[in-house]
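J.: protein-v3.txt is reproduced in full below (compact mmCIF, C-alpha atoms).
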# COMPACT_ATOMS: atom_id res chain seq x y z
CA MET A 1 100.30 82.07 107.71
CA ILE A 2 101.66 85.59 107.53
CA GLU A 3 101.02 88.03 110.36
CA VAL A 4 97.55 89.48 109.74
CA HIS A 5 97.21 92.31 112.25
CA LYS A 6 99.43 95.37 112.58
CA LYS A 7 99.25 98.77 114.25
CA ILE A 8 100.01 101.78 112.06
CA ILE A 9 101.83 103.54 114.90
CA ASP A 10 104.42 100.73 115.01
CA HIS A 11 105.37 101.42 111.37
CA VAL A 12 105.75 105.19 111.40
CA GLY A 13 109.22 106.71 111.22
CA ALA A 14 111.56 109.29 109.78
CA ARG A 15 114.75 109.47 107.75
CA PRO A 16 116.77 112.66 107.50
CA ASP A 17 117.61 112.27 103.80
CA LYS A 18 114.33 111.13 102.25
CA GLY A 19 110.87 109.84 103.02
CA PHE A 20 110.44 106.88 105.36
CA LYS A 21 108.85 103.69 104.00
CA ALA A 22 107.73 100.53 105.76
CA THR A 23 105.96 97.46 104.43
CA LEU A 24 103.04 96.11 106.45
CA PHE A 25 101.78 93.33 104.16
CA GLU A 26 102.70 92.13 100.71
CA THR A 27 101.46 89.50 98.29
CA PRO A 28 101.64 89.36 94.49
CA ARG A 29 98.33 91.26 94.57
CA ILE A 30 99.13 94.22 96.82
CA MET A 31 101.75 95.93 98.93
CA LEU A 32 100.33 97.76 101.94
CA GLY A 33 102.74 100.00 103.77
CA MET A 34 103.46 103.33 105.40
CA ASN A 35 105.01 106.37 103.73
CA CYS A 36 106.04 109.19 106.08
CA LEU A 37 107.37 112.61 105.15
CA GLU A 38 108.94 115.04 107.59
CA PRO A 39 108.33 118.78 107.11
CA GLY A 40 109.88 119.85 103.80
CA GLN A 41 110.23 116.34 102.39
CA GLU A 42 108.46 115.25 99.23
CA GLN A 43 107.75 112.25 97.04
CA LYS A 44 108.36 113.60 93.56
CA ALA A 45 105.72 113.07 90.88
CA HIS A 46 106.04 109.66 89.25
CA ASP A 47 103.72 107.03 87.87
CA HIS A 48 103.33 103.27 87.89
CA PRO A 49 102.24 102.25 84.37
CA ASP A 50 100.36 99.12 85.44
CA GLN A 51 99.70 99.65 89.14
CA ASP A 52 97.12 101.66 91.07
CA LYS A 53 98.28 103.48 94.19
CA PHE A 54 96.32 104.93 97.05
CA TYR A 55 97.27 107.03 100.04
CA CYS A 56 95.16 107.17 103.21
CA VAL A 57 96.45 110.04 105.32
CA THR A 58 96.70 108.91 108.95
CA GLU A 59 98.51 111.93 110.41
CA GLY A 60 99.29 115.46 109.20
CA VAL A 61 98.57 117.24 105.94
CA GLY A 62 99.96 116.65 102.45
CA GLU A 63 99.97 118.67 99.24
CA PHE A 64 99.11 116.14 96.57
CA LEU A 65 99.39 116.09 92.83
CA VAL A 66 97.41 113.48 90.86
CA GLY A 67 97.37 114.00 87.10
CA GLU A 68 96.41 117.64 86.56
CA ALA A 69 94.88 118.02 90.01
CA THR A 70 96.61 119.53 93.03
CA PHE A 71 94.96 119.57 96.44
CA THR A 72 95.55 119.24 100.17
CA ALA A 73 94.59 116.08 102.06
CA SER A 74 94.58 115.57 105.83
CA ALA A 75 94.11 112.66 108.23
CA GLY A 76 90.95 110.75 107.30
CA GLU A 77 91.22 111.47 103.58
CA VAL A 78 92.03 109.06 100.78
CA VAL A 79 93.86 109.87 97.54
CA PHE A 80 93.76 107.51 94.56
CA ALA A 81 96.21 107.47 91.65
CA PRO A 82 95.09 105.07 88.92
CA ALA A 83 97.72 103.22 86.89
CA GLY A 84 99.60 105.50 84.54
CA ILE A 85 98.60 108.75 86.26
CA ALA A 86 101.44 110.85 87.66
CA HIS A 87 101.24 111.43 91.40
CA GLY A 88 103.33 112.95 94.15
CA VAL A 89 103.03 114.45 97.59
CA ARG A 90 104.85 117.14 99.56
CA ASN A 91 104.83 117.95 103.24
CA ALA A 92 104.67 121.74 103.43
CA SER A 93 103.48 121.68 107.04
CA LYS A 94 105.39 121.82 110.31
CA ASN A 95 104.40 118.32 111.41
CA ARG A 96 104.98 114.78 110.22
CA LEU A 97 102.82 113.48 107.37
CA SER A 98 102.01 109.75 107.61
CA MET A 99 100.10 107.78 105.03
CA LEU A 100 98.95 104.19 104.68
CA VAL A 101 99.68 103.39 101.05
CA GLY A 102 98.74 100.54 98.78
CA ILE A 103 100.19 99.58 95.41
CA THR A 104 98.33 96.97 93.36
CA PRO A 105 99.23 94.62 91.82
CA TRP A 106 102.61 94.11 93.46
CA LYS A 107 105.21 92.62 91.19
CA SER A 108 108.19 92.52 93.51
CA ILE A 109 107.48 89.19 95.18
CA MET B 1 89.66 111.14 85.00
CA ILE B 2 87.86 109.66 87.98
CA GLU B 3 87.58 111.60 91.21
CA VAL B 4 90.87 111.06 93.07
CA HIS B 5 90.31 112.53 96.53
CA LYS B 6 87.63 111.55 99.04
CA LYS B 7 87.01 112.04 102.75
CA ILE B 8 86.26 108.92 104.77
CA ILE B 9 83.69 110.76 106.90
CA ASP B 10 81.56 111.39 103.80
CA HIS B 11 81.25 107.64 103.18
CA VAL B 12 80.35 106.37 106.65
CA GLY B 13 76.81 105.24 107.35
CA ALA B 14 74.42 102.72 108.89
CA ARG B 15 71.71 100.29 107.83
CA PRO B 16 69.35 98.75 110.36
CA ASP B 17 69.33 95.29 108.76
CA LYS B 18 72.99 94.70 107.87
CA GLY B 19 76.38 96.33 107.56
CA PHE B 20 76.75 99.52 105.56
CA LYS B 21 79.01 99.50 102.50
CA ALA B 22 80.19 102.33 100.27
CA THR B 23 82.63 102.32 97.36
CA LEU B 24 85.24 105.06 97.24
CA PHE B 25 87.32 103.99 94.24
CA GLU B 26 87.27 101.01 91.92
CA THR B 27 89.32 99.77 89.00
CA PRO B 28 89.92 96.22 87.72
CA ARG B 29 92.85 96.16 90.18
CA ILE B 30 91.20 97.21 93.44
CA MET B 31 88.00 98.28 95.15
CA LEU B 32 88.53 100.70 98.02
CA GLY B 33 85.50 101.35 100.17
CA MET B 34 84.02 101.70 103.62
CA ASN B 35 82.39 98.95 105.68
CA CYS B 36 80.53 100.09 108.80
CA LEU B 37 78.94 97.93 111.48
CA GLU B 38 76.59 99.19 114.14
CA PRO B 39 76.75 97.63 117.64
CA GLY B 40 75.74 93.97 117.37
CA GLN B 41 76.20 93.75 113.60
CA GLU B 42 78.68 91.38 111.99
CA GLN B 43 80.22 90.40 108.70
CA LYS B 44 80.14 86.62 108.82
CA ALA B 45 83.29 84.66 108.07
CA HIS B 46 83.80 84.19 104.35
CA ASP B 47 86.69 84.04 101.93
CA HIS B 48 87.59 85.33 98.50
CA PRO B 49 89.50 82.52 96.74
CA ASP B 50 91.55 84.81 94.48
CA GLN B 51 91.39 88.19 96.19
CA ASP B 52 93.22 89.71 99.13
CA LYS B 53 91.22 91.90 101.51
CA PHE B 54 92.36 94.39 104.08
CA TYR B 55 90.56 96.38 106.75
CA CYS B 56 91.95 99.60 108.20
CA VAL B 57 89.88 100.46 111.27
CA THR B 58 89.08 104.19 111.21
CA GLU B 59 86.60 104.34 114.12
CA GLY B 60 85.59 101.96 116.91
CA VAL B 61 86.65 98.43 117.77
CA GLY B 62 86.08 95.15 115.93
CA GLU B 63 86.42 91.50 116.88
CA PHE B 64 88.15 89.95 113.91
CA LEU B 65 88.61 86.41 112.71
CA VAL B 66 91.29 85.70 110.09
CA GLY B 67 92.00 82.02 109.48
CA GLU B 68 92.52 80.46 112.92
CA ALA B 69 93.26 83.79 114.58
CA THR B 70 90.79 85.90 116.55
CA PHE B 71 91.71 89.32 117.89
CA THR B 72 90.45 92.83 118.55
CA ALA B 73 91.45 95.74 116.33
CA SER B 74 90.80 99.44 116.95
CA ALA B 75 91.20 102.68 115.05
CA GLY B 76 94.71 102.87 113.60
CA GLU B 77 95.09 99.13 113.13
CA VAL B 78 95.19 97.17 109.88
CA VAL B 79 93.94 93.61 109.34
CA PHE B 80 94.97 91.59 106.29
CA ALA B 81 93.16 88.53 104.92
CA PRO B 82 95.12 86.91 102.10
CA ALA B 83 93.24 85.22 99.26
CA GLY B 84 91.54 82.01 100.35
CA ILE B 85 91.72 82.72 104.09
CA ALA B 86 88.39 82.96 105.91
CA HIS B 87 87.77 86.31 107.56
CA GLY B 88 84.98 88.08 109.37
CA VAL B 89 84.37 90.89 111.84
CA ARG B 90 81.84 91.60 114.57
CA ASN B 91 81.04 94.79 116.42
CA ALA B 92 80.60 93.76 120.05
CA SER B 93 81.06 97.33 121.29
CA LYS B 94 78.55 100.09 121.99
CA ASN B 95 79.79 102.39 119.22
CA ARG B 96 79.96 102.31 115.44
CA LEU B 97 82.81 100.38 113.83
CA SER B 98 84.06 101.91 110.57
CA MET B 99 86.72 100.41 108.34
CA LEU B 100 88.41 101.40 105.12
CA VAL B 101 88.52 98.15 103.16
CA GLY B 102 90.30 97.09 100.00
CA ILE B 103 89.69 94.03 97.85
CA THR B 104 92.26 93.20 95.17
CA PRO B 105 92.03 92.38 92.35
CA TRP B 106 88.48 93.60 91.70
CA LYS B 107 86.62 91.58 89.13
CA SER B 108 83.29 93.35 89.13
CA ILE B 109 84.14 96.07 86.64
Could you write out this file's structure as structure tokens?

T.:
Amino acid sequence: MIEVHKKIIDHVGARPDKGFKATLFETPRIMLGMNCLEPGQEQKAHDHPDQDKFYCVTEGVGEFLVGEATFTASAGEVVFAPAGIAHGVRNASKNRLSMLVGITPWKSI
Amino acid sequence: MIEVHKKIIDHVGARPDKGFKATLFETPRIMLGMNCLEPGQEQKAHDHPDQDKFYCVTEGVGEFLVGEATFTASAGEVVFAPAGIAHGVRNASKNRLSMLVGITPWKSI
């Protein structure tokens, strides 16, 4: 059976050129992973036509866009982008932004 | 559009007779919600034949069972139960256990 227990802190990281991504678990039904943005980095607005996406902020503060809405979310807050709705996030703070993310369904495996 | 931004703390709670559950977001693809167990409460081992489930512990410590594995998970740790694998969790601590949970796909709506 696949590994079933992981610590978020072991899957946090940074890249100088773009956001850091790590996969924690994946099945045809969902990909659960970490997205991390250093200060000034952003995930540009995009959408997944047939997949829902959520972000659970685990560290830091993000400036989110979901559809027409823009708002700030911090650790302990959850952001949901239903299939077909544009979404993006920017780290305008001075600290790392880390998010547990899920994309469902997951068509890559 | 549905509400796209929620705070975990607003969806934590307790019931004297059994675990507390709250739904944050739901689509045909996923249900994201909170499961909370007071000291001594448990979610008995069960499985979802066609649905994956994950728990992200947001507060406290849980004693988890996934398949043949038993282990403790605390805040900041993620537990994944693939479709068809028995899973359960017990709060053997003296403090509340709160978990963001996801079940995918979600057939109830």

J.: Show me, as a PyMOL selection string, the residues that have an atom within 12 Å of Glu38 in chain A when counting only C-alpha atoms, minus same-chain residues fewer than 4 positions from it.

T.: chain A and resi 12-21+42-43+59-62+89-99

J.: Identify all chain A residues at most 8 Å from chain B by counting all atoms listed in the file; ligands do not count. Present them as JSON, numbers by chain.

T.: {"A": [4, 5, 6, 7, 8, 9, 25, 27, 29, 30, 51, 52, 58, 66, 73, 76, 77, 78, 79, 80, 81, 82, 104, 105]}

J.: Store the residues picked out above, limited to C-alpha atoms, as a CSV table (one decimal), keeping the file's coordinate frame.

T.:
chain,number,residue,atom,x,y,z
A,4,VAL,CA,97.6,89.5,109.7
A,5,HIS,CA,97.2,92.3,112.2
A,6,LYS,CA,99.4,95.4,112.6
A,7,LYS,CA,99.2,98.8,114.2
A,8,ILE,CA,100.0,101.8,112.1
A,9,ILE,CA,101.8,103.5,114.9
A,25,PHE,CA,101.8,93.3,104.2
A,27,THR,CA,101.5,89.5,98.3
A,29,ARG,CA,98.3,91.3,94.6
A,30,ILE,CA,99.1,94.2,96.8
A,51,GLN,CA,99.7,99.6,89.1
A,52,ASP,CA,97.1,101.7,91.1
A,58,THR,CA,96.7,108.9,109.0
A,66,VAL,CA,97.4,113.5,90.9
A,73,ALA,CA,94.6,116.1,102.1
A,76,GLY,CA,91.0,110.8,107.3
A,77,GLU,CA,91.2,111.5,103.6
A,78,VAL,CA,92.0,109.1,100.8
A,79,VAL,CA,93.9,109.9,97.5
A,80,PHE,CA,93.8,107.5,94.6
A,81,ALA,CA,96.2,107.5,91.6
A,82,PRO,CA,95.1,105.1,88.9
A,104,THR,CA,98.3,97.0,93.4
A,105,PRO,CA,99.2,94.6,91.8

J.: One decimal, in Å: what's the spacing between CA of Thr23 in chain A and CA of Cys36 in chain B?

T.: 25.9 Å

J.: Record the distance separating CA of Lys44 in chain A and CA of Thr70 in chain A, expressed in Å with one decimal.

T.: 13.2 Å

J.: Could you jot down the CA of Ala45 in chain B to CA of Gly33 in chain A separation for me, Å, one decimal place?

T.: 25.1 Å

J.: For Glu63 in chain B, which residue among B:Gly40, B:Asn35, B:His11, B:Val101 is the nearest when counting all atoms listed in the file?

T.: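 Using all atoms listed in the file, the shortest distance to Glu63 in chain B belongs to B:Gly40.
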
J.: Could I see range 25-51 of chain B restored to N, CA, C and O atoms, set down as a CSV table (one decimal), keeping the file's coordinate frame?

T.:
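Saved as part.csv:
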chain,number,residue,atom,x,y,z
B,25,PHE,N,86.6,104.1,95.5
B,25,PHE,CA,87.3,104.0,94.2
B,25,PHE,C,87.3,102.6,93.7
B,25,PHE,O,87.4,101.6,94.5
B,26,GLU,N,87.1,102.4,92.4
B,26,GLU,CA,87.3,101.0,91.9
B,26,GLU,C,87.9,101.0,90.5
B,26,GLU,O,87.6,101.9,89.7
B,27,THR,N,88.7,100.0,90.3
B,27,THR,CA,89.3,99.8,89.0
B,27,THR,C,89.4,98.2,88.9
B,27,THR,O,89.0,97.5,89.9
B,28,PRO,N,89.8,97.7,87.8
B,28,PRO,CA,89.9,96.2,87.7
B,28,PRO,C,90.9,95.7,88.7
B,28,PRO,O,91.0,94.5,89.1
B,29,ARG,N,91.8,96.6,89.3
B,29,ARG,CA,92.8,96.2,90.2
B,29,ARG,C,92.4,96.2,91.6
B,29,ARG,O,92.9,95.4,92.4
B,30,ILE,N,91.6,97.1,92.0
B,30,ILE,CA,91.2,97.2,93.4
B,30,ILE,C,89.9,97.9,93.6
B,30,ILE,O,89.5,98.7,92.8
B,31,MET,N,89.2,97.5,94.7
B,31,MET,CA,88.0,98.3,95.2
B,31,MET,C,88.4,98.8,96.5
B,31,MET,O,88.8,98.0,97.4
B,32,LEU,N,88.3,100.1,96.7
B,32,LEU,CA,88.5,100.7,98.0
B,32,LEU,C,87.2,101.3,98.5
B,32,LEU,O,86.6,102.0,97.8
B,33,GLY,N,86.8,100.9,99.7
B,33,GLY,CA,85.5,101.4,100.2
B,33,GLY,C,85.4,101.4,101.7
B,33,GLY,O,86.4,101.2,102.4
B,34,MET,N,84.3,101.7,102.2
B,34,MET,CA,84.0,101.7,103.6
B,34,MET,C,83.0,100.6,104.0
B,34,MET,O,82.1,100.3,103.2
B,35,ASN,N,83.3,99.9,105.1
B,35,ASN,CA,82.4,99.0,105.7
B,35,ASN,C,82.1,99.5,107.1
B,35,ASN,O,83.1,99.7,107.8
B,36,CYS,N,80.9,99.6,107.5
B,36,CYS,CA,80.5,100.1,108.8
B,36,CYS,C,79.6,99.1,109.5
B,36,CYS,O,78.6,98.7,108.8
B,37,LEU,N,79.8,98.8,110.7
B,37,LEU,CA,78.9,97.9,111.5
B,37,LEU,C,78.5,98.7,112.7
B,37,LEU,O,79.3,99.2,113.5
B,38,GLU,N,77.2,98.7,112.9
B,38,GLU,CA,76.6,99.2,114.1
B,38,GLU,C,76.8,98.2,115.3
B,38,GLU,O,77.1,97.0,115.0
B,39,PRO,N,76.6,98.6,116.5
B,39,PRO,CA,76.8,97.6,117.6
B,39,PRO,C,75.9,96.4,117.4
B,39,PRO,O,74.7,96.5,117.0
B,40,GLY,N,76.5,95.2,117.6
B,40,GLY,CA,75.7,94.0,117.4
B,40,GLY,C,75.8,93.4,116.0
B,40,GLY,O,75.5,92.2,115.7
B,41,GLN,N,76.1,94.2,115.0
B,41,GLN,CA,76.2,93.8,113.6
B,41,GLN,C,77.5,93.0,113.3
B,41,GLN,O,78.5,93.2,114.0
B,42,GLU,N,77.5,92.1,112.4
B,42,GLU,CA,78.7,91.4,112.0
B,42,GLU,C,78.7,91.1,110.5
B,42,GLU,O,77.7,91.1,109.8
B,43,GLN,N,80.0,90.9,110.1
B,43,GLN,CA,80.2,90.4,108.7
B,43,GLN,C,80.7,89.0,108.9
B,43,GLN,O,81.8,88.7,109.5
B,44,LYS,N,79.8,88.0,108.5
B,44,LYS,CA,80.1,86.6,108.8
B,44,LYS,C,81.4,86.2,108.1
B,44,LYS,O,81.7,86.7,107.0
B,45,ALA,N,82.0,85.2,108.7
B,45,ALA,CA,83.3,84.7,108.1
B,45,ALA,C,83.0,84.2,106.7
B,45,ALA,O,82.1,83.5,106.4
B,46,HIS,N,83.9,84.6,105.8
B,46,HIS,CA,83.8,84.2,104.4
B,46,HIS,C,85.2,84.3,103.8
B,46,HIS,O,86.1,84.9,104.4
B,47,ASP,N,85.4,83.8,102.6
B,47,ASP,CA,86.7,84.0,101.9
B,47,ASP,C,86.5,84.4,100.5
B,47,ASP,O,85.4,84.2,99.9
B,48,HIS,N,87.5,85.0,99.9
B,48,HIS,CA,87.6,85.3,98.5
B,48,HIS,C,88.7,84.5,97.9
B,48,HIS,O,89.9,84.8,98.3
B,49,PRO,N,88.4,83.5,97.1
B,49,PRO,CA,89.5,82.5,96.7
B,49,PRO,C,90.7,83.2,96.1
B,49,PRO,O,91.8,82.7,96.3
B,50,ASP,N,90.5,84.2,95.3
B,50,ASP,CA,91.6,84.8,94.5
B,50,ASP,C,91.8,86.3,94.8
B,50,ASP,O,92.5,86.9,94.0
B,51,GLN,N,91.2,86.8,95.9
B,51,GLN,CA,91.4,88.2,96.2
B,51,GLN,C,91.9,88.4,97.6
B,51,GLN,O,91.4,87.7,98.5
